[in-house]
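Trainee: As input, take protein39.cif (mmCIF, C-alpha atoms):
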```cif
data_target
#
loop_
_atom_site.group_PDB
_atom_site.id
_atom_site.type_symbol
_atom_site.label_atom_id
_atom_site.label_comp_id
_atom_site.auth_asym_id
_atom_site.auth_seq_id
_atom_site.Cartn_x
_atom_site.Cartn_y
_atom_site.Cartn_z
ATOM 1 C CA MET A 1 -40.533 5.337 -47.375
ATOM 2 C CA ARG A 2 -37.468 5.462 -49.542
ATOM 3 C CA ARG A 3 -35.847 7.894 -47.193
ATOM 4 C CA SER A 4 -36.674 5.745 -44.229
ATOM 5 C CA ALA A 5 -35.140 2.716 -45.935
ATOM 6 C CA ASP A 6 -31.965 4.662 -46.686
ATOM 7 C CA VAL A 7 -31.615 5.704 -43.080
ATOM 8 C CA HIS A 8 -32.144 2.138 -41.933
ATOM 9 C CA PHE A 9 -29.501 0.896 -44.376
ATOM 10 C CA GLU A 10 -26.943 3.493 -43.338
ATOM 11 C CA THR A 11 -27.453 2.739 -39.658
ATOM 12 C CA ARG A 12 -27.052 -0.960 -40.259
ATOM 13 C CA ASP A 13 -23.958 -0.338 -42.389
ATOM 14 C CA LEU A 14 -22.290 1.858 -39.779
ATOM 15 C CA PHE A 15 -23.012 -0.689 -37.056
ATOM 16 C CA GLY A 16 -21.592 -3.439 -39.249
ATOM 17 C CA ARG A 17 -18.375 -1.543 -39.870
ATOM 18 C CA PHE A 18 -17.914 -0.871 -36.149
ATOM 19 C CA ALA A 19 -18.514 -4.499 -35.271
ATOM 20 C CA VAL A 20 -16.024 -5.694 -37.881
ATOM 21 C CA SER A 21 -13.360 -3.239 -36.796
ATOM 22 C CA SER A 22 -13.706 -4.322 -33.163
ATOM 23 C CA LEU A 23 -13.421 -7.965 -34.160
ATOM 24 C CA LEU A 24 -10.369 -7.428 -36.329
ATOM 25 C CA PHE A 25 -8.191 -6.281 -33.428
ATOM 26 C CA PRO A 26 -9.534 -7.872 -30.234
ATOM 27 C CA GLY A 27 -6.079 -8.557 -28.817
ATOM 28 C CA SER A 28 -4.895 -4.971 -29.159
ATOM 29 C CA LEU A 29 -8.069 -3.625 -27.564
ATOM 30 C CA VAL A 30 -7.769 -6.007 -24.621
ATOM 31 C CA ALA A 31 -4.061 -5.277 -24.237
ATOM 32 C CA HIS A 32 -4.753 -1.540 -24.245
ATOM 33 C CA SER A 33 -7.472 -1.941 -21.602
ATOM 34 C CA VAL A 34 -5.201 -4.057 -19.398
ATOM 35 C CA ALA A 35 -2.365 -1.538 -19.780
ATOM 36 C CA MET A 36 -4.662 1.309 -18.736
ATOM 37 C CA LEU A 37 -5.872 -0.727 -15.758
ATOM 38 C CA SER A 38 -2.288 -1.534 -14.762
ATOM 39 C CA ARG A 39 -1.277 2.129 -14.829
ATOM 40 C CA SER A 40 -4.246 3.334 -12.800
ATOM 41 C CA THR A 41 -3.938 0.462 -10.322
ATOM 42 C CA ALA A 42 -0.208 1.086 -9.941
ATOM 43 C CA VAL A 43 -0.746 4.768 -9.146
ATOM 44 C CA LEU A 44 -3.360 4.000 -6.495
ATOM 45 C CA TRP A 45 -1.341 1.084 -5.088
ATOM 46 C CA HIS A 46 1.864 3.072 -4.683
ATOM 47 C CA ALA A 47 -0.028 6.039 -3.230
ATOM 48 C CA ALA A 48 -1.681 3.817 -0.615
ATOM 49 C CA TYR A 49 1.722 2.407 0.309
ATOM 50 C CA ARG A 50 3.311 5.838 0.710
ATOM 51 C CA ARG A 51 0.429 6.943 2.936
ATOM 52 C CA THR A 52 0.929 3.845 5.085
ATOM 53 C CA VAL A 53 4.678 4.462 5.374
ATOM 54 C CA LEU A 54 4.186 8.101 6.365
ATOM 55 C CA ALA A 55 1.486 7.179 8.888
ATOM 56 C CA ALA A 56 3.788 4.570 10.433
ATOM 57 C CA PHE A 57 6.701 7.015 10.600
ATOM 58 C CA ASN A 58 4.565 9.701 12.214
ATOM 59 C CA THR A 59 2.591 7.619 14.697
ATOM 60 C CA VAL A 60 4.173 4.204 15.405
ATOM 61 C CA PRO A 61 7.076 4.114 17.920
ATOM 62 C CA PHE A 62 9.003 1.248 16.311
ATOM 63 C CA TYR A 63 9.098 2.770 12.833
ATOM 64 C CA ARG A 64 9.704 6.302 14.119
ATOM 65 C CA GLN A 65 12.880 5.174 15.856
ATOM 66 C CA ARG A 66 14.064 2.638 13.279
ATOM 67 C CA TRP A 67 13.707 4.806 10.203
ATOM 68 C CA ALA A 68 14.940 7.992 11.885
ATOM 69 C CA LEU A 69 18.163 6.266 12.977
ATOM 70 C CA GLU A 70 18.795 3.858 10.104
ATOM 71 C CA GLY A 71 16.692 5.203 7.251
ATOM 72 C CA ARG A 72 14.701 3.516 4.493
ATOM 73 C CA THR A 73 13.934 3.769 0.776
ATOM 74 C CA GLU A 74 10.857 4.221 -1.435
ATOM 75 C CA PRO A 75 10.255 6.690 0.086
ATOM 76 C CA THR A 76 13.495 7.841 1.702
ATOM 77 C CA LEU A 77 12.538 9.715 4.857
ATOM 78 C CA VAL A 78 15.973 10.793 6.095
ATOM 79 C CA GLU A 79 18.397 12.017 3.462
ATOM 80 C CA GLY A 80 21.440 9.796 3.111
ATOM 81 C CA ARG A 81 20.039 6.958 5.217
ATOM 82 C CA THR A 82 18.688 3.946 3.336
ATOM 83 C CA GLY A 83 18.565 1.290 6.066
ATOM 84 C CA THR A 84 20.125 -2.157 6.314
ATOM 85 C CA HIS A 85 17.376 -3.790 4.250
ATOM 86 C CA ASP A 86 15.962 -0.602 2.700
ATOM 87 C CA GLY A 87 13.938 -0.182 5.893
ATOM 88 C CA ALA A 88 12.421 -3.683 5.976
ATOM 89 C CA SER A 89 12.238 -5.792 9.147
ATOM 90 C CA HIS A 90 12.293 -9.500 9.973
ATOM 91 C CA PRO A 91 9.145 -11.052 11.494
ATOM 92 C CA GLU A 92 11.034 -12.377 14.524
ATOM 93 C CA GLU A 93 12.037 -8.854 15.466
ATOM 94 C CA LEU A 94 8.499 -7.533 15.082
ATOM 95 C CA LEU A 95 7.065 -10.300 17.253
ATOM 96 C CA ARG A 96 9.311 -9.149 20.100
ATOM 97 C CA VAL A 97 8.069 -5.551 19.916
ATOM 98 C CA LEU A 98 4.363 -5.895 19.098
ATOM 99 C CA VAL A 99 3.440 -3.241 21.651
ATOM 100 C CA ASP A 100 5.664 -0.760 19.781
ATOM 101 C CA LEU A 101 3.763 -1.428 16.555
ATOM 102 C CA VAL A 102 0.635 0.115 18.061
ATOM 103 C CA PRO A 103 0.061 3.765 17.024
ATOM 104 C CA LEU A 104 0.444 6.438 19.682
ATOM 105 C CA ALA A 105 -3.319 6.953 19.647
ATOM 106 C CA GLY A 106 -3.773 3.346 20.784
ATOM 107 C CA GLY A 107 -5.025 0.121 19.264
ATOM 108 C CA GLU A 108 -4.740 -3.655 19.305
ATOM 109 C CA ALA A 109 -1.388 -5.345 19.917
ATOM 110 C CA GLU A 110 -2.518 -8.786 18.719
ATOM 111 C CA TYR A 111 -2.037 -10.048 15.197
ATOM 112 C CA ASP A 112 -4.366 -12.380 13.323
ATOM 113 C CA PRO A 113 -2.772 -15.121 11.178
ATOM 114 C CA ALA A 114 -6.189 -15.774 9.591
ATOM 115 C CA ARG A 115 -6.516 -12.153 8.444
ATOM 116 C CA GLY A 116 -7.447 -11.735 4.799
ATOM 117 C CA LEU A 117 -8.765 -15.219 4.048
ATOM 118 C CA GLY A 118 -12.214 -13.895 3.225
ATOM 119 C CA GLN A 119 -10.692 -11.535 0.668
ATOM 120 C CA VAL A 120 -8.565 -14.072 -1.216
ATOM 121 C CA LEU A 121 -10.995 -17.009 -1.183
ATOM 122 C CA PRO A 122 -13.186 -15.634 -4.007
ATOM 123 C CA VAL A 123 -10.084 -15.546 -6.212
ATOM 124 C CA ALA A 124 -8.922 -19.074 -5.416
ATOM 125 C CA ARG A 125 -12.213 -20.854 -4.746
ATOM 126 C CA ARG A 126 -15.373 -18.816 -4.314
ATOM 127 C CA PRO A 127 -17.361 -20.405 -1.460
ATOM 128 C CA ARG A 128 -21.100 -20.847 -1.897
ATOM 129 C CA SER A 129 -23.518 -19.738 0.768
ATOM 130 C CA GLY A 130 -23.663 -22.381 3.487
ATOM 131 C CA THR A 131 -20.037 -23.448 3.055
ATOM 132 C CA LEU A 132 -18.056 -24.445 6.140
ATOM 133 C CA VAL A 133 -14.466 -23.172 5.855
ATOM 134 C CA VAL A 134 -12.056 -25.015 8.162
ATOM 135 C CA ILE A 135 -8.489 -23.759 8.617
ATOM 136 C CA VAL A 136 -6.125 -26.550 9.654
ATOM 137 C CA ASP A 137 -2.992 -24.947 11.081
ATOM 138 C CA ARG A 138 -1.059 -24.945 14.349
ATOM 139 C CA GLU A 139 -0.620 -21.173 14.353
ATOM 140 C CA ILE A 140 -4.271 -20.305 13.718
ATOM 141 C CA THR A 141 -6.450 -20.768 16.777
ATOM 142 C CA ARG A 142 -9.362 -18.488 15.908
ATOM 143 C CA PRO A 143 -11.791 -18.793 12.988
ATOM 144 C CA PRO A 144 -11.407 -16.264 10.168
ATOM 145 C CA ALA A 145 -13.393 -13.116 10.897
ATOM 146 C CA ASP A 146 -13.784 -11.753 7.375
ATOM 147 C CA LEU A 147 -15.622 -14.512 5.513
ATOM 148 C CA PRO A 148 -18.569 -13.568 3.264
ATOM 149 C CA ASN A 149 -22.083 -13.589 4.671
ATOM 150 C CA GLY A 150 -23.548 -17.066 4.796
ATOM 151 C CA VAL A 151 -20.127 -18.743 5.063
ATOM 152 C CA ARG A 152 -19.099 -20.162 8.432
ATOM 153 C CA GLY A 153 -15.479 -20.457 9.555
ATOM 154 C CA ALA A 154 -13.677 -22.730 12.007
ATOM 155 C CA ALA A 155 -10.097 -23.412 13.094
ATOM 156 C CA LEU A 156 -8.755 -26.889 13.841
ATOM 157 C CA HIS A 157 -5.399 -27.670 15.446
ATOM 158 C CA PRO A 158 -3.730 -30.693 13.773
ATOM 159 C CA ASP A 159 -2.826 -32.176 17.166
ATOM 160 C CA LEU A 160 -6.537 -32.763 17.770
ATOM 161 C CA PHE A 161 -6.701 -35.327 14.968
ATOM 162 C CA ALA A 162 -5.846 -38.099 17.442
ATOM 163 C CA GLY A 163 -9.017 -37.337 19.398
ATOM 164 C CA ALA A 164 -11.097 -36.374 16.417
ATOM 165 C CA GLU A 165 -14.271 -37.818 17.907
ATOM 166 C CA GLU A 166 -13.983 -35.314 20.778
ATOM 167 C CA SER A 167 -13.353 -32.263 18.599
ATOM 168 C CA ALA A 168 -16.305 -29.906 18.227
ATOM 169 C CA VAL A 169 -14.923 -28.679 14.906
ATOM 170 C CA VAL A 170 -14.627 -32.206 13.502
ATOM 171 C CA ALA A 171 -18.144 -32.940 14.753
ATOM 172 C CA GLU A 172 -19.440 -29.874 12.925
ATOM 173 C CA LEU A 173 -17.512 -30.878 9.815
ATOM 174 C CA LEU A 174 -18.977 -34.396 9.880
ATOM 175 C CA GLY A 175 -22.441 -32.960 10.366
ATOM 176 C CA ALA A 176 -21.965 -30.694 7.362
ATOM 177 C CA LEU A 177 -20.850 -33.636 5.231
ATOM 178 C CA ARG A 178 -23.835 -35.733 6.308
ATOM 179 C CA ARG A 179 -26.132 -32.895 5.265
ATOM 180 C CA ARG A 180 -24.203 -32.531 1.996
ATOM 181 C CA ARG A 181 -23.174 -28.986 2.815
ATOM 182 C CA PRO A 182 -20.028 -27.784 1.028
ATOM 183 C CA VAL A 183 -16.838 -27.985 3.104
ATOM 184 C CA LEU A 184 -13.610 -26.165 2.247
ATOM 185 C CA ALA A 185 -10.439 -27.051 4.178
ATOM 186 C CA VAL A 186 -7.499 -24.623 4.103
ATOM 187 C CA GLY A 187 -4.009 -25.439 5.371
ATOM 188 C CA GLY A 188 -0.643 -26.971 4.587
ATOM 189 C CA ASP A 189 -0.470 -30.114 2.466
ATOM 190 C CA LYS A 190 0.498 -32.294 5.440
ATOM 191 C CA GLU A 191 -2.248 -30.888 7.654
ATOM 192 C CA LEU A 192 -4.902 -31.301 4.974
ATOM 193 C CA SER A 193 -3.893 -34.911 4.385
ATOM 194 C CA GLY A 194 -4.095 -35.521 8.132
ATOM 195 C CA LEU A 195 -7.607 -34.117 8.260
ATOM 196 C CA ILE A 196 -8.793 -36.281 5.381
ATOM 197 C CA SER A 197 -7.312 -39.366 7.060
ATOM 198 C CA VAL A 198 -9.574 -39.031 10.126
ATOM 199 C CA LEU A 199 -12.768 -38.544 8.131
ATOM 200 C CA PRO A 200 -14.984 -41.427 7.011
ATOM 201 C CA ALA A 201 -13.879 -42.761 3.642
ATOM 202 C CA GLU A 202 -17.366 -42.418 2.195
ATOM 203 C CA SER A 203 -17.448 -38.653 2.781
ATOM 204 C CA SER A 204 -13.820 -37.482 2.811
ATOM 205 C CA HIS A 205 -13.869 -36.985 -0.953
ATOM 206 C CA LEU A 206 -16.535 -34.307 -0.493
ATOM 207 C CA VAL A 207 -14.054 -31.976 1.232
ATOM 208 C CA TYR A 208 -12.398 -29.520 -1.134
ATOM 209 C CA ARG A 209 -8.781 -28.952 -0.120
ATOM 210 C CA LEU A 210 -7.174 -25.542 -0.645
ATOM 211 C CA PRO A 211 -3.489 -25.499 0.355
ATOM 212 C CA HIS A 212 -1.923 -22.327 1.645
ATOM 213 C CA ARG A 213 1.609 -21.664 0.448
ATOM 214 C CA SER A 214 4.422 -19.606 1.877
ATOM 215 C CA VAL A 215 6.264 -17.056 -0.245
ATOM 216 C CA SER A 216 9.231 -19.439 -0.425
ATOM 217 C CA ASP A 217 7.053 -22.282 -1.757
ATOM 218 C CA LEU A 218 5.279 -20.896 -4.811
ATOM 219 C CA ASP A 219 6.894 -22.840 -7.643
ATOM 220 C CA GLY A 220 4.949 -25.720 -9.136
ATOM 221 C CA ALA A 221 1.661 -25.048 -7.337
ATOM 222 C CA LEU A 222 -1.511 -25.554 -9.367
ATOM 223 C CA TYR A 223 -3.837 -23.771 -6.943
ATOM 224 C CA GLY A 224 -3.800 -22.306 -3.461
ATOM 225 C CA VAL A 225 -3.617 -19.166 -1.354
ATOM 226 C CA LEU A 226 -0.548 -17.232 -0.220
ATOM 227 C CA HIS A 227 -0.111 -17.215 3.560
ATOM 228 C CA ASP A 228 2.258 -15.877 6.191
ATOM 229 C CA PRO A 229 1.954 -16.729 9.914
ATOM 230 C CA LEU A 230 2.329 -13.074 10.931
ATOM 231 C CA LEU A 231 0.567 -11.162 8.159
ATOM 232 C CA GLY A 232 -2.177 -13.644 7.314
ATOM 233 C CA TYR A 233 -3.419 -14.329 3.784
ATOM 234 C CA LEU A 234 -1.732 -12.190 1.148
ATOM 235 C CA GLY A 235 -3.037 -13.408 -2.203
ATOM 236 C CA ALA A 236 -4.061 -16.359 -4.340
ATOM 237 C CA LEU A 237 -3.173 -18.248 -7.496
ATOM 238 C CA ARG A 238 -5.518 -17.200 -10.299
ATOM 239 C CA GLU A 239 -6.524 -19.055 -13.446
ATOM 240 C CA CYS A 240 -3.739 -17.266 -15.333
ATOM 241 C CA GLY A 241 -1.198 -19.267 -13.314
ATOM 242 C CA ARG A 242 0.179 -16.240 -11.436
ATOM 243 C CA TRP A 243 0.175 -15.447 -7.728
ATOM 244 C CA HIS A 244 -1.976 -12.340 -7.385
ATOM 245 C CA LEU A 245 -1.677 -10.117 -4.347
ATOM 246 C CA ASP A 246 -4.732 -8.838 -2.531
ATOM 247 C CA HIS A 247 -3.558 -5.445 -3.754
ATOM 248 C CA ARG A 248 -6.257 -3.425 -2.009
ATOM 249 C CA ARG A 249 -4.897 -4.598 1.328
ATOM 250 C CA VAL A 250 -1.363 -5.847 0.647
ATOM 251 C CA TYR A 251 1.691 -4.176 -0.872
ATOM 252 C CA ALA A 252 4.959 -5.853 -1.819
ATOM 253 C CA ARG A 253 8.305 -4.536 -3.000
ATOM 254 C CA ARG A 254 11.816 -5.788 -3.598
ATOM 255 C CA THR A 255 14.434 -4.819 -1.024
ATOM 256 C CA ARG A 256 18.037 -5.756 -0.395
ATOM 257 C CA GLY A 257 16.747 -8.236 2.165
ATOM 258 C CA GLY A 258 14.187 -9.859 -0.154
ATOM 259 C CA LEU A 259 10.493 -9.334 -0.822
ATOM 260 C CA ALA A 260 8.909 -7.084 1.814
ATOM 261 C CA PHE A 261 5.145 -7.021 2.434
ATOM 262 C CA THR A 262 2.963 -4.296 3.943
ATOM 263 C CA LEU A 263 -0.619 -4.439 5.217
ATOM 264 C CA LEU A 264 -2.244 -1.325 3.797
ATOM 265 C CA LYS A 265 -5.450 -1.233 5.837
ATOM 266 C CA GLN A 266 -4.473 -2.691 9.200
ATOM 267 C CA ARG A 267 -3.889 0.171 11.583
ATOM 268 C CA SER A 268 -2.850 -1.753 14.698
ATOM 269 C CA PRO A 269 -0.483 -3.401 14.981
ATOM 270 C CA MET A 270 1.046 -1.876 11.843
ATOM 271 C CA PHE A 271 3.120 -4.171 9.657
ATOM 272 C CA VAL A 272 5.202 -2.282 7.109
ATOM 273 C CA ASP A 273 7.893 -3.871 4.919
ATOM 274 C CA VAL A 274 8.010 -7.290 6.563
ATOM 275 C CA LEU A 275 10.586 -9.753 5.206
ATOM 276 C CA VAL A 276 8.382 -12.848 5.215
ATOM 277 C CA ASP A 277 10.101 -16.232 5.475
ATOM 278 C CA GLY A 278 13.255 -14.439 6.561
ATOM 279 C CA GLY A 279 13.607 -12.634 3.247
ATOM 280 C CA VAL A 280 12.887 -14.356 -0.066
ATOM 281 C CA ARG A 281 14.338 -13.197 -3.364
ATOM 282 C CA GLY A 282 11.616 -12.571 -5.888
ATOM 283 C CA ASP A 283 9.880 -10.159 -8.229
ATOM 284 C CA VAL A 284 6.769 -8.009 -8.187
ATOM 285 C CA ARG A 285 5.287 -7.593 -11.655
ATOM 286 C CA TRP A 286 1.974 -6.790 -13.326
ATOM 287 C CA CYS A 287 -0.239 -9.518 -14.711
ATOM 288 C CA PRO A 288 -0.620 -9.049 -18.487
ATOM 289 C CA ARG A 289 -4.108 -10.545 -18.352
ATOM 290 C CA HIS A 290 -5.611 -8.897 -15.270
ATOM 291 C CA GLY A 291 -3.536 -5.735 -14.867
ATOM 292 C CA THR A 292 -2.910 -6.245 -11.136
ATOM 293 C CA PRO A 293 0.298 -7.018 -9.168
ATOM 294 C CA VAL A 294 1.685 -10.546 -8.923
ATOM 295 C CA VAL A 295 4.666 -12.021 -7.089
ATOM 296 C CA SER A 296 7.082 -14.733 -8.152
ATOM 297 C CA THR A 297 10.082 -16.331 -6.467
#
```
As a first step, turn the structure in this file into structure tokens.
Mentor:
Amino acid sequence: MRRSADVHFETRDLFGRFAVSSLLFPGSLVAHSVAMLSRSTAVLWHAAYRRTVLAAFNTVPFYRQRWALEGRTEPTLVEGRTGTHDGASHPEELLRVLVDLVPLAGGEAEYDPARGLGQVLPVARRPRSGTLVVIVDREITRPPADLPNGVRGAALHPDLFAGAEESAVVAELLGALRRRRPVLAVGGDKELSGLISVLPAESSHLVYRLPHRSVSDLDGALYGVLHDPLLGYLGALRECGRWHLDHRRVYARRTRGGLAFTLLKQRSPMFVDVLVDGGVRGDVRWCPRHGTPVVST
């Protein structure tokens, strides 16, 4: 019995020492874990980007010609040629040559400005099952296709506000509000205010508004999602107050022309190093709390 008691005491003592030591330095342990996460995420993130660049150079007509003639950086594909904007392109130019952004093996030539919303929503405002997500934007004519199961999406053109009673989307929205189903509206500040103005006063307060911001309009925002008309949804503002990229699907880097964004998983049309908003000066850093990439302008 004595021996058993001694063993019990020693086990309890060792456990107590471990617990105390872990409580004495919680900040250093968390910081170390975040640093390790940042390093591993960075390696995978950069590797995915390099694979995308090489795939575009080998298989997509636009990038094959552009980078062979003018060059690019990170990675440099032709020695001595670094490109006008380090290989980045303006959206207006890409819109004129969408067919040349399709790989040689074939694929879609249409882009989806609602792409990625389902991936960034859980970061900004996780929708419950049964939520109706309404995008209010002139450039988005189709509902988002990547929302979670149990969440329905719709797209509403702001010009239809004048005839709101004839809009099927508004009718569905009103029906959801009457049944007390959650409604999440995504769009620009002006468009969201316009939507609220056509809803009955007794139910308009039930709509949660989630503004989408452009890369050039990030300062001062308290919440929202990061959006580009060509690339779709790129990230979201997290509780740490930083704009987090959807790093599994989106890459960003600084170039001489500004921040350039790449869609890592979209194979057609391929968008690599796009200077959103005409090229915005900014930084790509690593969040000290979450260990994942963030952008600031």
Trainee: With a cut-off of 12 Å, could you pull out the residues of region 152-265 of chain A touching region 109-116 of chain A and give me the nearest pair of atoms for each, distance in Å to one decimal, using only C-alpha atoms, ordered by chain and ascending number, as JSON lines?
Mentor:
```
{"residue": "A:Gly153", "atom": "CA", "partner": "A:Ala114", "partner_atom": "CA", "distance": 10.4}
{"residue": "A:Ala154", "atom": "CA", "partner": "A:Ala114", "partner_atom": "CA", "distance": 10.5}
{"residue": "A:Ala155", "atom": "CA", "partner": "A:Ala114", "partner_atom": "CA", "distance": 9.3}
{"residue": "A:Val186", "atom": "CA", "partner": "A:Ala114", "partner_atom": "CA", "distance": 10.5}
{"residue": "A:Gly187", "atom": "CA", "partner": "A:Ala114", "partner_atom": "CA", "distance": 10.8}
{"residue": "A:His212", "atom": "CA", "partner": "A:Ala114", "partner_atom": "CA", "distance": 11.1}
{"residue": "A:Val225", "atom": "CA", "partner": "A:Gly116", "partner_atom": "CA", "distance": 10.4}
{"residue": "A:Leu226", "atom": "CA", "partner": "A:Gly116", "partner_atom": "CA", "distance": 10.1}
{"residue": "A:His227", "atom": "CA", "partner": "A:Pro113", "partner_atom": "CA", "distance": 8.3}
{"residue": "A:Asp228", "atom": "CA", "partner": "A:Pro113", "partner_atom": "CA", "distance": 7.1}
{"residue": "A:Pro229", "atom": "CA", "partner": "A:Pro113", "partner_atom": "CA", "distance": 5.1}
{"residue": "A:Leu230", "atom": "CA", "partner": "A:Pro113", "partner_atom": "CA", "distance": 5.5}
{"residue": "A:Leu231", "atom": "CA", "partner": "A:Pro113", "partner_atom": "CA", "distance": 6.0}
{"residue": "A:Gly232", "atom": "CA", "partner": "A:Pro113", "partner_atom": "CA", "distance": 4.2}
{"residue": "A:Tyr233", "atom": "CA", "partner": "A:Gly116", "partner_atom": "CA", "distance": 4.9}
{"residue": "A:Leu234", "atom": "CA", "partner": "A:Gly116", "partner_atom": "CA", "distance": 6.8}
{"residue": "A:Gly235", "atom": "CA", "partner": "A:Gly116", "partner_atom": "CA", "distance": 8.4}
{"residue": "A:Ala236", "atom": "CA", "partner": "A:Gly116", "partner_atom": "CA", "distance": 10.8}
{"residue": "A:Leu245", "atom": "CA", "partner": "A:Gly116", "partner_atom": "CA", "distance": 10.9}
{"residue": "A:Asp246", "atom": "CA", "partner": "A:Gly116", "partner_atom": "CA", "distance": 8.3}
{"residue": "A:His247", "atom": "CA", "partner": "A:Gly116", "partner_atom": "CA", "distance": 11.3}
{"residue": "A:Arg248", "atom": "CA", "partner": "A:Gly116", "partner_atom": "CA", "distance": 10.8}
{"residue": "A:Arg249", "atom": "CA", "partner": "A:Gly116", "partner_atom": "CA", "distance": 8.3}
{"residue": "A:Val250", "atom": "CA", "partner": "A:Gly116", "partner_atom": "CA", "distance": 9.4}
{"residue": "A:Leu263", "atom": "CA", "partner": "A:Gly116", "partner_atom": "CA", "distance": 10.0}
{"residue": "A:Leu264", "atom": "CA", "partner": "A:Gly116", "partner_atom": "CA", "distance": 11.7}
{"residue": "A:Lys265", "atom": "CA", "partner": "A:Gly116", "partner_atom": "CA", "distance": 10.7}
```
Trainee: Just write the chosen residues, C-alpha atoms, as a PDB file, keeping the file's coordinate frame.
Mentor:
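Result file is again26.pdb:
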```
ATOM      1  CA  GLY A 153     -15.479 -20.457   9.555  1.00  0.00           C
ATOM      2  CA  ALA A 154     -13.677 -22.730  12.007  1.00  0.00           C
ATOM      3  CA  ALA A 155     -10.097 -23.412  13.094  1.00  0.00           C
ATOM      4  CA  VAL A 186      -7.499 -24.623   4.103  1.00  0.00           C
ATOM      5  CA  GLY A 187      -4.009 -25.439   5.371  1.00  0.00           C
ATOM      6  CA  HIS A 212      -1.923 -22.327   1.645  1.00  0.00           C
ATOM      7  CA  VAL A 225      -3.617 -19.166  -1.354  1.00  0.00           C
ATOM      8  CA  LEU A 226      -0.548 -17.232  -0.220  1.00  0.00           C
ATOM      9  CA  HIS A 227      -0.111 -17.215   3.560  1.00  0.00           C
ATOM     10  CA  ASP A 228       2.258 -15.877   6.191  1.00  0.00           C
ATOM     11  CA  PRO A 229       1.954 -16.729   9.914  1.00  0.00           C
ATOM     12  CA  LEU A 230       2.329 -13.074  10.931  1.00  0.00           C
ATOM     13  CA  LEU A 231       0.567 -11.162   8.159  1.00  0.00           C
ATOM     14  CA  GLY A 232      -2.177 -13.644   7.314  1.00  0.00           C
ATOM     15  CA  TYR A 233      -3.419 -14.329   3.784  1.00  0.00           C
ATOM     16  CA  LEU A 234      -1.732 -12.190   1.148  1.00  0.00           C
ATOM     17  CA  GLY A 235      -3.037 -13.408  -2.203  1.00  0.00           C
ATOM     18  CA  ALA A 236      -4.061 -16.359  -4.340  1.00  0.00           C
ATOM     19  CA  LEU A 245      -1.677 -10.117  -4.347  1.00  0.00           C
ATOM     20  CA  ASP A 246      -4.732  -8.838  -2.531  1.00  0.00           C
ATOM     21  CA  HIS A 247      -3.558  -5.445  -3.754  1.00  0.00           C
ATOM     22  CA  ARG A 248      -6.257  -3.425  -2.009  1.00  0.00           C
ATOM     23  CA  ARG A 249      -4.897  -4.598   1.328  1.00  0.00           C
ATOM     24  CA  VAL A 250      -1.363  -5.847   0.647  1.00  0.00           C
ATOM     25  CA  LEU A 263      -0.619  -4.439   5.217  1.00  0.00           C
ATOM     26  CA  LEU A 264      -2.244  -1.325   3.797  1.00  0.00           C
ATOM     27  CA  LYS A 265      -5.450  -1.233   5.837  1.00  0.00           C
TER      28      LYS A 265
END
```
Trainee: By how many Å are CA of Glu108 (chain A) and CA of Pro269 (chain A) apart?
Mentor: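 Interatomic distance here is 6.1 Å.
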Trainee: Would you mind reading off the distance between CA of Leu156 (chain A) and CA of Ala168 (chain A), one decimal, in Å?
Mentor: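 One can read the CA of Leu156 (chain A) to CA of Ala168 (chain A) distance as 9.2 Å.
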Trainee: On this structure, the PyMOL selection byres ((chain A and resi 83-91) around 12) would catch which residues? List them as an NGL selection string, sorted by chain and number.
Mentor: :A and (53 or 57 or 62-82 or 92-98 or 111 or 228-231 or 252-262 or 271-280)
Trainee: Could you tell me how far CA of Leu104 (chain A) lies from CA of Ala48 (chain A), in Å and to one decimal?
Mentor: 20.6 Å
Trainee: Given the PyMOL selection byres ((chain A and resi 267) around 8) and the file above, list the residues it selects as a list in words.
Mentor: Val102, Pro103, Gly107, Lys265, Gln266, Ser268, Pro269 and Met270 of chain A
Trainee: Could you turn the residues from that selection into a file that holds C-alpha atoms, as a PDB file, keeping the file's coordinate frame?
Mentor:
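out_13.pdb, written as the output of this step:
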```pdb
ATOM      1  CA  VAL A 102       0.635   0.115  18.061  1.00  0.00           C
ATOM      2  CA  PRO A 103       0.061   3.765  17.024  1.00  0.00           C
ATOM      3  CA  GLY A 107      -5.025   0.121  19.264  1.00  0.00           C
ATOM      4  CA  LYS A 265      -5.450  -1.233   5.837  1.00  0.00           C
ATOM      5  CA  GLN A 266      -4.473  -2.691   9.200  1.00  0.00           C
ATOM      6  CA  SER A 268      -2.850  -1.753  14.698  1.00  0.00           C
ATOM      7  CA  PRO A 269      -0.483  -3.401  14.981  1.00  0.00           C
ATOM      8  CA  MET A 270       1.046  -1.876  11.843  1.00  0.00           C
TER       9      MET A 270
END
```
Trainee: Going by the chain IDs and residue numbers used in this file, which residues fall under the PyMOL selection byres ((chain A and resi 189-202) around 10)? Write them as a PyMOL selection string.
Mentor: chain A and resi 135-138+156-165+170+173-174+177+185-188+203-213
Trainee: Write out as a ChimeraX atom specification the residues lying within 6 Å of region 121-132 of chain A, counting all atoms listed in the file and excluding same-chain residues fewer than 5 positions away.
Mentor: /A:150-153,182-183,236
Trainee: Find the spatial neighbours of Val294 (chain A), counting only C-alpha atoms, within a cut-off of 8 Å - ignore same-chain residues fewer than 5 positions away - and output them as a PyMOL selection string.
Mentor: chain A and resi 242-245+284-287
Trainee: Would you mind exporting the chosen residues as a short mmCIF file (atom, residue, chain, number, x, y, z; two decimals), in the frame of the given file, restricted to C-alpha atoms?
Mentor:
```cif
data_model
loop_
_atom_site.label_atom_id
_atom_site.label_comp_id
_atom_site.auth_asym_id
_atom_site.auth_seq_id
_atom_site.Cartn_x
_atom_site.Cartn_y
_atom_site.Cartn_z
CA ARG A 242 0.18 -16.24 -11.44
CA TRP A 243 0.18 -15.45 -7.73
CA HIS A 244 -1.98 -12.34 -7.38
CA LEU A 245 -1.68 -10.12 -4.35
CA VAL A 284 6.77 -8.01 -8.19
CA ARG A 285 5.29 -7.59 -11.66
CA TRP A 286 1.97 -6.79 -13.33
CA CYS A 287 -0.24 -9.52 -14.71
#
```
